[in-house]
file input26.tsv (TSV, C-alpha atoms)
chain	number	residue	atom	x	y	z
N	1	MET	CA	-1.52	14.69	-19.83
N	2	TYR	CA	-0.83	13.77	-16.21
N	3	MET	CA	0.99	16.09	-13.83
N	4	SER	CA	3.09	14.94	-10.90
N	5	VAL	CA	1.79	16.39	-7.64
N	6	ILE	CA	4.53	14.71	-5.58
N	7	GLU	CA	8.12	14.29	-6.75
N	8	VAL	CA	10.72	12.46	-4.66
N	9	SER	CA	14.25	12.17	-6.01
N	10	ASP	CA	17.16	10.30	-4.36
N	11	LEU	CA	15.70	10.80	-0.88
N	12	ARG	CA	18.02	9.84	1.97
N	13	LYS	CA	17.51	9.81	5.74
N	14	SER	CA	19.52	8.31	8.60
N	15	TYR	CA	19.06	8.09	12.37
N	16	GLY	CA	22.05	7.63	14.64
N	17	GLY	CA	24.22	6.43	11.78
N	18	ARG	CA	21.61	3.91	10.59
N	19	THR	CA	20.32	4.51	7.07
N	20	VAL	CA	16.51	4.30	7.00
N	21	VAL	CA	15.80	5.72	3.53
N	22	ASP	CA	18.50	5.09	0.93
N	23	GLY	CA	18.02	6.85	-2.41
N	24	VAL	CA	14.23	6.57	-2.82
N	25	SER	CA	12.75	8.14	-5.98
N	26	PHE	CA	9.15	8.18	-7.26
N	27	ALA	CA	6.48	10.55	-8.60
N	28	VAL	CA	2.77	10.59	-7.80
N	29	GLU	CA	0.49	11.68	-10.64
N	30	GLU	CA	-2.57	13.83	-10.11
N	31	GLY	CA	-5.75	11.82	-9.54
N	32	GLU	CA	-4.18	8.45	-8.74
N	33	ILE	CA	-4.01	6.29	-5.64
N	34	PHE	CA	-0.29	5.69	-5.25
N	35	GLY	CA	0.74	3.01	-2.77
N	36	ILE	CA	3.91	2.70	-0.72
N	37	LEU	CA	4.15	-0.92	0.31
N	38	GLY	CA	6.64	-2.72	2.50
N	39	PRO	CA	7.23	-4.58	5.75
N	40	ASN	CA	7.41	-2.84	9.11
N	41	GLY	CA	10.65	-0.88	9.43
N	42	ALA	CA	11.21	-0.67	5.66
N	43	GLY	CA	11.32	3.16	5.64
N	44	LYS	CA	7.77	3.82	4.45
N	45	THR	CA	6.69	6.20	7.23
N	46	THR	CA	9.98	8.13	7.21
N	47	THR	CA	9.57	8.63	3.46
N	48	VAL	CA	6.08	10.10	3.78
N	49	GLU	CA	7.08	12.20	6.78
N	50	CYS	CA	9.67	13.83	4.51
N	51	VAL	CA	6.90	14.41	1.94
N	52	GLU	CA	4.74	16.00	4.66
N	53	GLY	CA	7.58	18.21	5.89
N	54	LEU	CA	7.67	16.52	9.30
N	55	ARG	CA	11.23	15.27	8.71
N	56	VAL	CA	14.14	17.10	7.11
N	57	PRO	CA	15.86	14.86	4.52
N	58	ASP	CA	19.60	14.30	4.79
N	59	GLY	CA	19.80	14.31	1.00
N	60	GLY	CA	17.74	14.31	-2.16
N	61	ARG	CA	14.81	16.44	-3.29
N	62	VAL	CA	11.10	16.43	-2.37
N	63	ARG	CA	8.41	18.58	-3.97
N	64	VAL	CA	4.64	18.72	-3.40
N	65	THR	CA	2.87	20.65	-6.19
N	66	GLY	CA	6.28	22.16	-6.87
N	67	LEU	CA	6.79	23.29	-3.27
N	68	ASP	CA	9.48	22.27	-0.76
N	69	PRO	CA	7.68	20.65	2.22
N	70	VAL	CA	10.26	22.08	4.66
N	71	ALA	CA	11.01	25.55	3.25
N	72	ASP	CA	7.40	26.10	2.11
N	73	HIS	CA	5.73	24.19	4.94
N	74	ASP	CA	2.77	26.57	5.41
N	75	ALA	CA	1.99	26.55	1.69
N	76	VAL	CA	2.29	22.76	1.50
N	77	SER	CA	-0.06	22.34	4.48
N	78	ARG	CA	-2.75	24.09	2.42
N	79	VAL	CA	-2.56	21.58	-0.43
N	80	LEU	CA	-1.70	18.39	1.48
N	81	GLY	CA	-3.85	16.68	4.10
N	82	ALA	CA	-2.49	13.90	6.26
N	83	GLN	CA	-3.65	11.11	8.52
N	84	LEU	CA	-0.64	10.12	10.58
N	85	GLN	CA	0.19	6.53	11.55
N	86	GLN	CA	-0.13	7.32	15.26
N	87	SER	CA	-3.16	9.64	15.02
N	88	GLU	CA	-4.92	10.26	18.33
N	89	LEU	CA	-7.24	12.88	19.83
N	90	GLN	CA	-8.17	13.86	23.36
N	91	PRO	CA	-10.67	11.20	24.52
N	92	LYS	CA	-13.31	13.69	25.72
N	93	LEU	CA	-13.27	15.72	22.50
N	94	THR	CA	-16.49	15.21	20.53
N	95	VAL	CA	-16.56	14.55	16.80
N	96	ARG	CA	-18.21	17.95	16.25
N	97	GLU	CA	-15.55	19.75	18.31
N	98	ALA	CA	-12.74	18.00	16.42
N	99	LEU	CA	-14.20	18.97	13.03
N	100	GLU	CA	-14.79	22.58	14.12
N	101	MET	CA	-11.30	22.87	15.60
N	102	TYR	CA	-9.53	21.51	12.50
N	103	ALA	CA	-11.67	23.69	10.20
N	104	ALA	CA	-10.42	26.74	12.14
N	105	PHE	CA	-6.83	25.89	11.12
N	106	TYR	CA	-7.49	26.70	7.43
N	107	PRO	CA	-8.36	29.98	5.67
N	108	ARG	CA	-10.83	28.26	3.32
N	109	PRO	CA	-11.86	24.95	4.91
N	110	ALA	CA	-14.38	22.53	3.52
N	111	ASP	CA	-17.84	22.64	5.08
N	112	TRP	CA	-17.46	19.89	7.67
N	113	ARG	CA	-21.20	19.08	7.77
N	114	PRO	CA	-21.53	17.46	4.31
N	115	LEU	CA	-18.08	15.94	4.86
N	116	ALA	CA	-19.31	14.30	8.08
N	117	GLU	CA	-22.44	13.10	6.29
N	118	ARG	CA	-20.42	11.64	3.43
N	119	LEU	CA	-18.23	9.75	5.88
N	120	GLY	CA	-21.14	8.45	7.97
N	121	LEU	CA	-20.40	10.57	11.04
N	122	THR	CA	-23.56	12.69	11.25
N	123	ASP	CA	-25.18	10.54	13.96
N	124	ARG	CA	-21.91	10.52	15.96
N	125	LEU	CA	-21.25	14.28	16.08
N	126	ASP	CA	-21.88	14.46	19.84
N	127	ALA	CA	-19.99	11.27	20.62
N	128	ARG	CA	-16.66	11.61	22.38
N	129	PHE	CA	-13.54	10.39	20.58
N	130	GLY	CA	-12.78	7.85	23.30
N	131	LYS	CA	-16.18	6.19	22.73
N	132	LEU	CA	-15.78	5.72	18.96
N	133	SER	CA	-15.12	2.33	17.39
N	134	GLY	CA	-11.92	1.76	15.41
N	135	GLY	CA	-13.74	2.21	12.11
N	136	GLN	CA	-15.44	5.42	13.29
N	137	LYS	CA	-12.10	6.86	14.41
N	138	GLN	CA	-10.63	6.15	10.99
N	139	ARG	CA	-13.59	7.86	9.30
N	140	LEU	CA	-13.00	10.88	11.52
N	141	PHE	CA	-9.29	10.96	10.67
N	142	ILE	CA	-10.13	10.87	6.96
N	143	ALA	CA	-12.53	13.80	7.50
N	144	LEU	CA	-9.85	15.76	9.37
N	145	ALA	CA	-7.34	15.06	6.59
N	146	LEU	CA	-9.81	16.39	3.99
N	147	ILE	CA	-11.17	19.38	5.86
N	148	GLY	CA	-8.57	21.76	4.41
N	149	ASN	CA	-9.69	20.99	0.82
N	150	PRO	CA	-6.32	19.42	-0.07
N	151	ARG	CA	-5.22	18.42	-3.57
N	152	VAL	CA	-3.44	15.39	-2.14
N	153	VAL	CA	-3.97	13.38	1.04
N	154	VAL	CA	-1.52	11.04	2.79
N	155	LEU	CA	-3.04	8.02	4.55
N	156	ASP	CA	-0.49	6.10	6.64
N	157	GLU	CA	-1.44	2.56	7.78
N	158	LEU	CA	-5.07	3.68	7.86
N	159	THR	CA	-6.64	0.25	8.38
N	160	THR	CA	-4.22	-1.26	10.89
N	161	GLY	CA	-6.19	-2.80	13.77
N	162	LEU	CA	-9.54	-2.79	11.97
N	163	ASP	CA	-11.65	-5.91	11.57
N	164	PRO	CA	-12.15	-7.20	7.98
N	165	ARG	CA	-15.56	-5.52	7.56
N	166	ALA	CA	-14.36	-2.13	8.82
N	167	ARG	CA	-11.25	-2.44	6.64
N	168	ARG	CA	-13.33	-2.99	3.51
N	169	ASP	CA	-15.64	-0.11	4.41
N	170	THR	CA	-12.56	2.10	4.75
N	171	TRP	CA	-11.33	0.95	1.33
N	172	GLN	CA	-14.58	2.18	-0.19
N	173	LEU	CA	-14.08	5.54	1.53
N	174	ILE	CA	-10.60	5.84	0.03
N	175	GLU	CA	-11.99	5.12	-3.42
N	176	ASP	CA	-14.67	7.77	-2.82
N	177	VAL	CA	-11.97	10.29	-1.82
N	178	ARG	CA	-10.13	9.70	-5.10
N	179	ALA	CA	-13.39	9.94	-7.04
N	180	SER	CA	-13.90	13.42	-5.54
N	181	GLY	CA	-10.68	14.57	-7.27
N	182	VAL	CA	-8.16	14.17	-4.46
N	183	THR	CA	-4.86	12.39	-5.13
N	184	VAL	CA	-4.12	9.72	-2.51
N	185	LEU	CA	-0.71	8.61	-1.22
N	186	LEU	CA	-1.47	5.38	0.66
N	187	VAL	CA	1.07	3.77	2.97
N	188	THR	CA	0.32	0.17	3.92
N	189	HIS	CA	1.79	-3.24	4.64
N	190	PHE	CA	-1.44	-5.03	3.67
N	191	MET	CA	-0.93	-6.64	0.25
N	192	GLU	CA	-4.66	-7.14	-0.39
N	193	GLU	CA	-5.30	-3.48	0.39
N	194	ALA	CA	-2.63	-2.30	-2.05
N	195	GLN	CA	-3.81	-4.69	-4.78
N	196	ARG	CA	-7.43	-3.55	-4.40
N	197	LEU	CA	-6.88	0.22	-4.23
N	198	CYS	CA	-3.68	1.34	-5.88
N	199	ASP	CA	-3.08	2.43	-9.47
N	200	ARG	CA	0.67	2.10	-8.93
N	201	ILE	CA	2.80	0.82	-6.08
N	202	ALA	CA	6.34	1.53	-4.90
N	203	VAL	CA	7.65	-1.47	-2.96
N	204	ILE	CA	10.15	-0.28	-0.35
N	205	ASP	CA	12.44	-2.82	1.25
N	206	LYS	CA	15.34	-1.94	3.58
N	207	GLY	CA	15.03	1.73	2.68
N	208	ARG	CA	15.19	1.25	-1.08
N	209	ILE	CA	12.71	0.95	-3.94
N	210	ALA	CA	12.60	-2.75	-4.75
N	211	ALA	CA	10.06	-2.25	-7.56
N	212	LEU	CA	7.61	0.34	-8.90
N	213	ASP	CA	4.72	-0.70	-11.13
N	214	THR	CA	0.98	-1.31	-11.29
N	215	PRO	CA	-0.26	-4.18	-9.09
N	216	ALA	CA	-0.72	-6.33	-12.22
N	217	GLY	CA	2.73	-5.35	-13.43
N	218	LEU	CA	4.35	-6.33	-10.15
N	219	ILE	CA	2.59	-9.70	-10.23
N	220	HIS	CA	3.63	-10.24	-13.85
N	221	ARG	CA	7.25	-9.47	-12.94
N	222	SER	CA	7.16	-12.14	-10.27
N	223	ALA	CA	8.92	-15.36	-11.14
N	224	GLY	CA	5.85	-17.24	-9.91
N	225	ALA	CA	3.10	-15.29	-11.67
N	226	THR	CA	0.94	-18.45	-11.96
N	227	VAL	CA	0.22	-20.91	-9.15
N	228	ILE	CA	-0.70	-24.55	-9.84
N	229	SER	CA	-1.89	-26.76	-6.99
N	230	PHE	CA	-3.20	-30.33	-6.96
N	231	THR	CA	-3.24	-33.59	-5.01
N	232	PRO	CA	-1.60	-36.31	-7.13
N	233	SER	CA	-3.02	-39.84	-7.14
N	234	ALA	CA	0.57	-41.10	-6.85
N	235	PRO	CA	3.85	-39.38	-6.02
N	236	LEU	CA	5.59	-37.59	-8.87
N	237	PRO	CA	9.38	-37.81	-9.24
N	238	GLU	CA	10.95	-34.85	-7.47
N	239	ASP	CA	13.61	-34.42	-10.16
N	240	ALA	CA	10.89	-34.23	-12.80
N	241	LEU	CA	9.06	-31.51	-10.85
N	242	ASN	CA	12.26	-29.52	-10.34
N	243	ALA	CA	13.00	-29.77	-14.07
N	244	LEU	CA	9.71	-28.10	-15.09
N	245	PRO	CA	10.33	-25.01	-17.26
N	246	ALA	CA	9.98	-21.54	-15.68
N	247	LEU	CA	9.44	-23.11	-12.24
N	248	ALA	CA	9.86	-20.59	-9.41
N	249	SER	CA	9.10	-22.87	-6.48
N	250	VAL	CA	7.63	-26.22	-5.49
N	251	ASP	CA	5.99	-26.99	-2.16
N	252	HIS	CA	4.59	-30.19	-0.64
N	253	LYS	CA	2.08	-30.02	2.19
N	254	GLU	CA	-0.22	-32.80	3.43
N	255	GLY	CA	-0.02	-34.61	0.13
N	256	ARG	CA	-0.76	-31.51	-1.95
N	257	VAL	CA	1.70	-30.11	-4.49
N	258	THR	CA	1.87	-26.37	-5.13
N	259	LEU	CA	3.98	-25.02	-7.98
N	260	ALA	CA	4.71	-21.38	-8.83
N	261	GLY	CA	5.72	-20.58	-12.37
N	262	THR	CA	4.20	-19.41	-15.66
N	263	ASP	CA	1.77	-20.69	-18.29
N	264	GLU	CA	4.68	-22.71	-19.64
N	265	THR	CA	4.94	-24.44	-16.25
N	266	VAL	CA	1.21	-25.25	-16.35
N	267	ASN	CA	1.47	-26.91	-19.77
N	268	ALA	CA	4.56	-28.86	-18.73
N	269	VAL	CA	3.04	-30.19	-15.49
N	270	ILE	CA	-0.08	-31.37	-17.34
N	271	THR	CA	2.17	-33.21	-19.77
N	272	LEU	CA	4.13	-34.71	-16.86
N	273	LEU	CA	0.93	-35.91	-15.19
N	274	ALA	CA	-0.29	-37.58	-18.38
N	275	ARG	CA	3.08	-39.21	-19.07
N	276	SER	CA	3.27	-40.49	-15.48
N	277	HIS	CA	-0.36	-41.75	-15.54
N	278	VAL	CA	-1.05	-39.68	-12.44
N	279	THR	CA	-4.42	-38.02	-11.82
N	280	ALA	CA	-4.44	-34.48	-10.40
N	281	HIS	CA	-7.26	-34.22	-7.87
N	282	GLN	CA	-8.66	-30.74	-7.08
N	283	LEU	CA	-6.43	-29.14	-9.70
N	284	ARG	CA	-6.40	-25.36	-9.43
N	285	VAL	CA	-4.57	-22.82	-11.58
N	286	THR	CA	-4.64	-19.24	-10.27
N	287	ASP	CA	-2.79	-15.99	-10.77
N	288	ALA	CA	-0.28	-15.11	-8.10
N	289	THR	CA	-1.28	-12.42	-5.62
N	290	LEU	CA	0.58	-9.24	-4.78
N	291	ASP	CA	1.67	-11.03	-1.62
N	292	ASP	CA	3.43	-13.67	-3.76
N	293	ALA	CA	5.00	-10.99	-5.94
N	294	PHE	CA	6.16	-8.98	-2.92
N	295	LEU	CA	7.90	-11.97	-1.35
N	296	ASP	CA	9.54	-12.85	-4.65
N	297	LEU	CA	10.69	-9.27	-5.32
N	298	THR	CA	12.11	-8.63	-1.85
N	299	GLU	CA	13.81	-12.03	-1.62
N	300	ARG	CA	15.36	-11.43	-5.04
N	301	THR	CA	16.51	-7.96	-3.98
N	302	GLU	CA	18.15	-9.37	-0.84
N	303	ALA	CA	19.88	-12.11	-2.81
N	304	GLU	CA	21.22	-9.65	-5.37
N	305	GLY	CA	22.11	-7.03	-2.77
N	306	ARG	CA	20.54	-4.26	-4.84
N	307	PRO	CA	17.10	-2.98	-5.87
N	308	ALA	CA	15.19	-5.09	-8.39
call {"tool": "encode", "arguments": {"input": "input26.tsv", "output": "structure tokens"}}
result
Amino acid sequence: MYMSVIEVSDLRKSYGGRTVVDGVSFAVEEGEIFGILGPNGAGKTTTVECVEGLRVPDGGRVRVTGLDPVADHDAVSRVLGAQLQQSELQPKLTVREALEMYAAFYPRPADWRPLAERLGLTDRLDARFGKLSGGQKQRLFIALALIGNPRVVVLDELTTGLDPRARRDTWQLIEDVRASGVTVLLVTHFMEEAQRLCDRIAVIDKGRIAALDTPAGLIHRSAGATVISFTPSAPLPEDALNALPALASVDHKEGRVTLAGTDETVNAVITLLARSHVTAHQLRVTDATLDDAFLDLTERTEAEGRPA
């Protein structure tokens, strides 16, 4: 039986009369990687700052292992580690000094030496923070977030600014952190990152939960869960394309047709091609990505004026 280590209920937060978080609710189960996904300015960071006790909510309820992050801040800091979105250290501080300093903050810290080895920092212990690469800095921030032996760790936009190789290396580190028994709350705006890592995802748009599901579930909920693309040997009637069943969208670019829909759409377009005596060159049928699902979900939410 799973236990919720983070519970957020009807969370609300405003700045200067502008609502940033508007009734957000979700629970993070022990042992999972839970993603908070959304565009810049959606309210993701404010939400996790309330979880961390760095912001006082205007309304709603937040609990971390049953504790109030504001009223029980010291106790929460012993079970929750965090890598902040704007993390930075003094440039002349060495990796060793940073690890030793953070370890001194906790009554029972992890041994930073095996932690540094696990995160590939052993040969950089005497390097100054200002001389580290982007990927090395992120490894250090993960180490600092874990040094207090937390039950849950919050990683906020961890891979922003990293090159593709460093980003993928960091993804493996996050998976290793979860494998060690730590629950991960991951904040990101990278769809591929969320799809690769997360067990479940809360999509936040304009301060509200637009959807909450597994990555596969979010994609399945998308109107265009299947994408069909091909270059026709002759133009197909536009009205016939628009009349295809379960069609979510149709796009024409440089002679190539791309349709978003379902398996029913695939069968219907093949029938249309045969009936029209049109050959589909380079025909591809693929599942939609989380990126496709996110765009569909948030556009639908905006059109309806309420959460999906």
call {"tool": "residues_around", "arguments": {"input": "input26.tsv", "residues": "segment 197-202 of chain N", "least_positions_apart": "4", "cutoff": "9 Å", "atoms": "all atoms listed in the file", "output": "list in words"}}
result
Phe26, Val28, Glu32, Ile33, Phe34, Gly35, Ile36, Leu37, Gly38, Trp171, Gln172, Ile174, Glu175, Leu186, Glu192, Glu193, Ile209, Ala210, Ala211, Leu212, Asp213, Thr214, Pro215, Gly217 and Leu218 of chain N
call {"tool": "atom_distance", "arguments": {"input": "input26.tsv", "atom1": "atom CA of Pro150 of chain N", "atom2": "atom CA of Val56 of chain N"}}
result
21.8 Å
call {"tool": "residues_around", "arguments": {"input": "input26.tsv", "residues": "Val227 of chain N", "least_positions_apart": "5", "cutoff": "10 Å", "atoms": "all atoms listed in the file", "output": "ChimeraX atom specification"}}
result
/N:247-250,258-263,265-266,284-289,292
call {"tool": "closest_residue", "arguments": {"input": "input26.tsv", "among": "N:Ala234, N:Thr19, N:Arg78, N:Asn267", "to": "Gly41 of chain N", "atoms": "all atoms listed in the file"}}
result
N:Thr19
call {"tool": "atom_distance", "arguments": {"input": "input26.tsv", "atom1": "atom CA of Thr122 of chain N", "atom2": "atom CA of Val79 of chain N"}}
result
25.6 Å
call {"tool": "atom_distance", "arguments": {"input": "input26.tsv", "atom1": "atom CA of Ala110 of chain N", "atom2": "atom CA of Ile147 of chain N"}}
result
5.1 Å
call {"tool": "closest_residue", "arguments": {"input": "input26.tsv", "among": "N:His189, N:Arg139, N:Lys206, N:Arg108", "to": "Asp156 of chain N", "atoms": "all atoms listed in the file"}}
result
N:His189
call {"tool": "closest_atom_pairs", "arguments": {"input": "input26.tsv", "of": "segment 113-159 of chain N", "to": "segment 62-73 of chain N", "cutoff": "12 Å", "atoms": "all atoms listed in the file", "output": "Markdown table"}}
result
| residue | atom | partner | partner_atom | distance |
| --- | --- | --- | --- | --- |
| N:Pro150 | CA | N:Thr65 | CA | 11.1 |
| N:Arg151 | CA | N:Thr65 | CA | 8.8 |
| N:Val152 | CA | N:Val64 | CA | 8.8 |
| N:Val153 | CA | N:Val64 | CA | 11.1 |
| N:Val154 | CA | N:Val64 | CA | 11.6 |
call {"tool": "residues_around", "arguments": {"input": "input26.tsv", "residues": "Gly60 of chain N", "least_positions_apart": "4", "cutoff": "6 Å", "atoms": "all atoms listed in the file", "output": "list of chain:residue names"}}
result
N:Ser9, N:Asp10, N:Leu11
call {"tool": "closest_residue", "arguments": {"input": "input26.tsv", "among": "N:Thr231, N:Arg221, N:Thr170, N:Gly255", "to": "Ala280 of chain N", "atoms": "only C-alpha atoms"}}
result
N:Thr231
call {"tool": "closest_residue", "arguments": {"input": "input26.tsv", "among": "N:Gly16, N:Gly135, N:Gly81, N:Gly23", "to": "Gly120 of chain N", "atoms": "all atoms listed in the file"}}
result
N:Gly135
call {"tool": "residues_around", "arguments": {"input": "input26.tsv", "residues": "Tyr102 of chain N", "least_positions_apart": "2", "cutoff": "10 Å", "atoms": "all atoms listed in the file", "output": "MDAnalysis selection string"}}
result
chainID N and resid 97:100 104:106 109 112 143:148
call {"tool": "closest_residue", "arguments": {"input": "input26.tsv", "among": "N:Ala82, N:Asp58, N:Ser233, N:Met191", "to": "Asn149 of chain N", "atoms": "all atoms listed in the file"}}
result
N:Ala82
call {"tool": "residues_near_point", "arguments": {"input": "input26.tsv", "point": "(11.0, -29.9, -19.4)", "cutoff": "12 Å", "atoms": "all atoms listed in the file", "output": "list in words"}}
result
Asp239, Ala240, Leu241, Asn242, Ala243, Leu244, Pro245, Ala246, Leu247, Glu264, Thr265, Val266, Asn267, Ala268, Val269, Ile270, Thr271 and Leu272 of chain N
call {"tool": "closest_residue", "arguments": {"input": "input26.tsv", "among": "N:Leu89, N:Leu290, N:Val5, N:Leu185", "to": "Gln138 of chain N", "atoms": "all atoms listed in the file"}}
result
N:Leu89
call {"tool": "residues_around", "arguments": {"input": "input26.tsv", "residues": "Pro57 of chain N", "least_positions_apart": "3", "cutoff": "10 Å", "atoms": "all atoms listed in the file", "output": "CSV table (one decimal) with C-alpha atoms, in the frame of the given file"}}
result
chain,number,residue,atom,x,y,z
N,11,LEU,CA,15.7,10.8,-0.9
N,12,ARG,CA,18.0,9.8,2.0
N,13,LYS,CA,17.5,9.8,5.7
N,14,SER,CA,19.5,8.3,8.6
N,21,VAL,CA,15.8,5.7,3.5
N,46,THR,CA,10.0,8.1,7.2
N,47,THR,CA,9.6,8.6,3.5
N,49,GLU,CA,7.1,12.2,6.8
N,50,CYS,CA,9.7,13.8,4.5
N,51,VAL,CA,6.9,14.4,1.9
N,53,GLY,CA,7.6,18.2,5.9
N,54,LEU,CA,7.7,16.5,9.3
N,60,GLY,CA,17.7,14.3,-2.2
N,61,ARG,CA,14.8,16.4,-3.3
N,62,VAL,CA,11.1,16.4,-2.4
N,70,VAL,CA,10.3,22.1,4.7
call {"tool": "decode", "arguments": {"input": "input26.tsv", "residues": "segment 91-112 of chain N", "atoms": "N, CA and C atoms", "output": "PDB file, in the first residue's frame"}}
result
ATOM      1  N   PRO N  91      31.669  31.510  -5.806  1.00  0.00           N
ATOM      2  CA  PRO N  91      32.533  30.952  -6.849  1.00  0.00           C
ATOM      3  C   PRO N  91      33.826  30.320  -6.353  1.00  0.00           C
ATOM      4  N   LYS N  92      34.404  30.827  -5.253  1.00  0.00           N
ATOM      5  CA  LYS N  92      35.681  30.317  -4.775  1.00  0.00           C
ATOM      6  C   LYS N  92      35.536  29.127  -3.827  1.00  0.00           C
ATOM      7  N   LEU N  93      34.302  28.780  -3.473  1.00  0.00           N
ATOM      8  CA  LEU N  93      34.058  27.643  -2.602  1.00  0.00           C
ATOM      9  C   LEU N  93      34.375  26.350  -3.355  1.00  0.00           C
ATOM     10  N   THR N  94      35.148  25.456  -2.750  1.00  0.00           N
ATOM     11  CA  THR N  94      35.446  24.195  -3.416  1.00  0.00           C
ATOM     12  C   THR N  94      34.301  23.211  -3.207  1.00  0.00           C
ATOM     13  N   VAL N  95      34.289  22.174  -4.017  1.00  0.00           N
ATOM     14  CA  VAL N  95      33.257  21.137  -3.890  1.00  0.00           C
ATOM     15  C   VAL N  95      33.331  20.508  -2.500  1.00  0.00           C
ATOM     16  N   ARG N  96      34.550  20.212  -2.027  1.00  0.00           N
ATOM     17  CA  ARG N  96      34.725  19.617  -0.701  1.00  0.00           C
ATOM     18  C   ARG N  96      34.162  20.539   0.386  1.00  0.00           C
ATOM     19  N   GLU N  97      34.482  21.822   0.301  1.00  0.00           N
ATOM     20  CA  GLU N  97      34.010  22.782   1.311  1.00  0.00           C
ATOM     21  C   GLU N  97      32.492  22.883   1.311  1.00  0.00           C
ATOM     22  N   ALA N  98      31.891  22.858   0.118  1.00  0.00           N
ATOM     23  CA  ALA N  98      30.425  22.922   0.034  1.00  0.00           C
ATOM     24  C   ALA N  98      29.786  21.704   0.686  1.00  0.00           C
ATOM     25  N   LEU N  99      30.320  20.520   0.405  1.00  0.00           N
ATOM     26  CA  LEU N  99      29.773  19.286   0.981  1.00  0.00           C
ATOM     27  C   LEU N  99      29.942  19.271   2.497  1.00  0.00           C
ATOM     28  N   GLU N 100      31.117  19.681   2.976  1.00  0.00           N
ATOM     29  CA  GLU N 100      31.352  19.712   4.420  1.00  0.00           C
ATOM     30  C   GLU N 100      30.445  20.734   5.105  1.00  0.00           C
ATOM     31  N   MET N 101      30.266  21.884   4.493  1.00  0.00           N
ATOM     32  CA  MET N 101      29.434  22.935   5.082  1.00  0.00           C
ATOM     33  C   MET N 101      27.982  22.482   5.183  1.00  0.00           C
ATOM     34  N   TYR N 102      27.438  21.903   4.100  1.00  0.00           N
ATOM     35  CA  TYR N 102      26.035  21.470   4.114  1.00  0.00           C
ATOM     36  C   TYR N 102      25.835  20.304   5.080  1.00  0.00           C
ATOM     37  N   ALA N 103      26.825  19.411   5.182  1.00  0.00           N
ATOM     38  CA  ALA N 103      26.723  18.293   6.116  1.00  0.00           C
ATOM     39  C   ALA N 103      26.614  18.798   7.553  1.00  0.00           C
ATOM     40  N   ALA N 104      27.272  19.930   7.846  1.00  0.00           N
ATOM     41  CA  ALA N 104      27.248  20.492   9.198  1.00  0.00           C
ATOM     42  C   ALA N 104      25.875  21.036   9.582  1.00  0.00           C
ATOM     43  N   PHE N 105      24.980  21.234   8.591  1.00  0.00           N
ATOM     44  CA  PHE N 105      23.650  21.766   8.870  1.00  0.00           C
ATOM     45  C   PHE N 105      22.723  20.721   9.490  1.00  0.00           C
ATOM     46  N   TYR N 106      23.076  19.430   9.391  1.00  0.00           N
ATOM     47  CA  TYR N 106      22.156  18.358   9.773  1.00  0.00           C
ATOM     48  C   TYR N 106      22.711  17.564  10.956  1.00  0.00           C
ATOM     49  N   PRO N 107      21.810  17.095  11.849  1.00  0.00           N
ATOM     50  CA  PRO N 107      22.275  16.309  12.997  1.00  0.00           C
ATOM     51  C   PRO N 107      22.808  14.936  12.599  1.00  0.00           C
ATOM     52  N   ARG N 108      22.232  14.335  11.557  1.00  0.00           N
ATOM     53  CA  ARG N 108      22.675  13.015  11.099  1.00  0.00           C
ATOM     54  C   ARG N 108      22.822  13.028   9.570  1.00  0.00           C
ATOM     55  N   PRO N 109      23.831  13.714   9.067  1.00  0.00           N
ATOM     56  CA  PRO N 109      23.982  13.826   7.612  1.00  0.00           C
ATOM     57  C   PRO N 109      24.493  12.529   6.998  1.00  0.00           C
ATOM     58  N   ALA N 110      24.292  12.419   5.693  1.00  0.00           N
ATOM     59  CA  ALA N 110      24.894  11.314   4.955  1.00  0.00           C
ATOM     60  C   ALA N 110      26.400  11.540   4.888  1.00  0.00           C
ATOM     61  N   ASP N 111      27.143  10.461   4.769  1.00  0.00           N
ATOM     62  CA  ASP N 111      28.589  10.581   4.549  1.00  0.00           C
ATOM     63  C   ASP N 111      28.786  11.141   3.145  1.00  0.00           C
ATOM     64  N   TRP N 112      29.349  12.336   3.054  1.00  0.00           N
ATOM     65  CA  TRP N 112      29.419  12.996   1.746  1.00  0.00           C
ATOM     66  C   TRP N 112      30.420  12.333   0.805  1.00  0.00           C
TER      67      TRP N 112
END
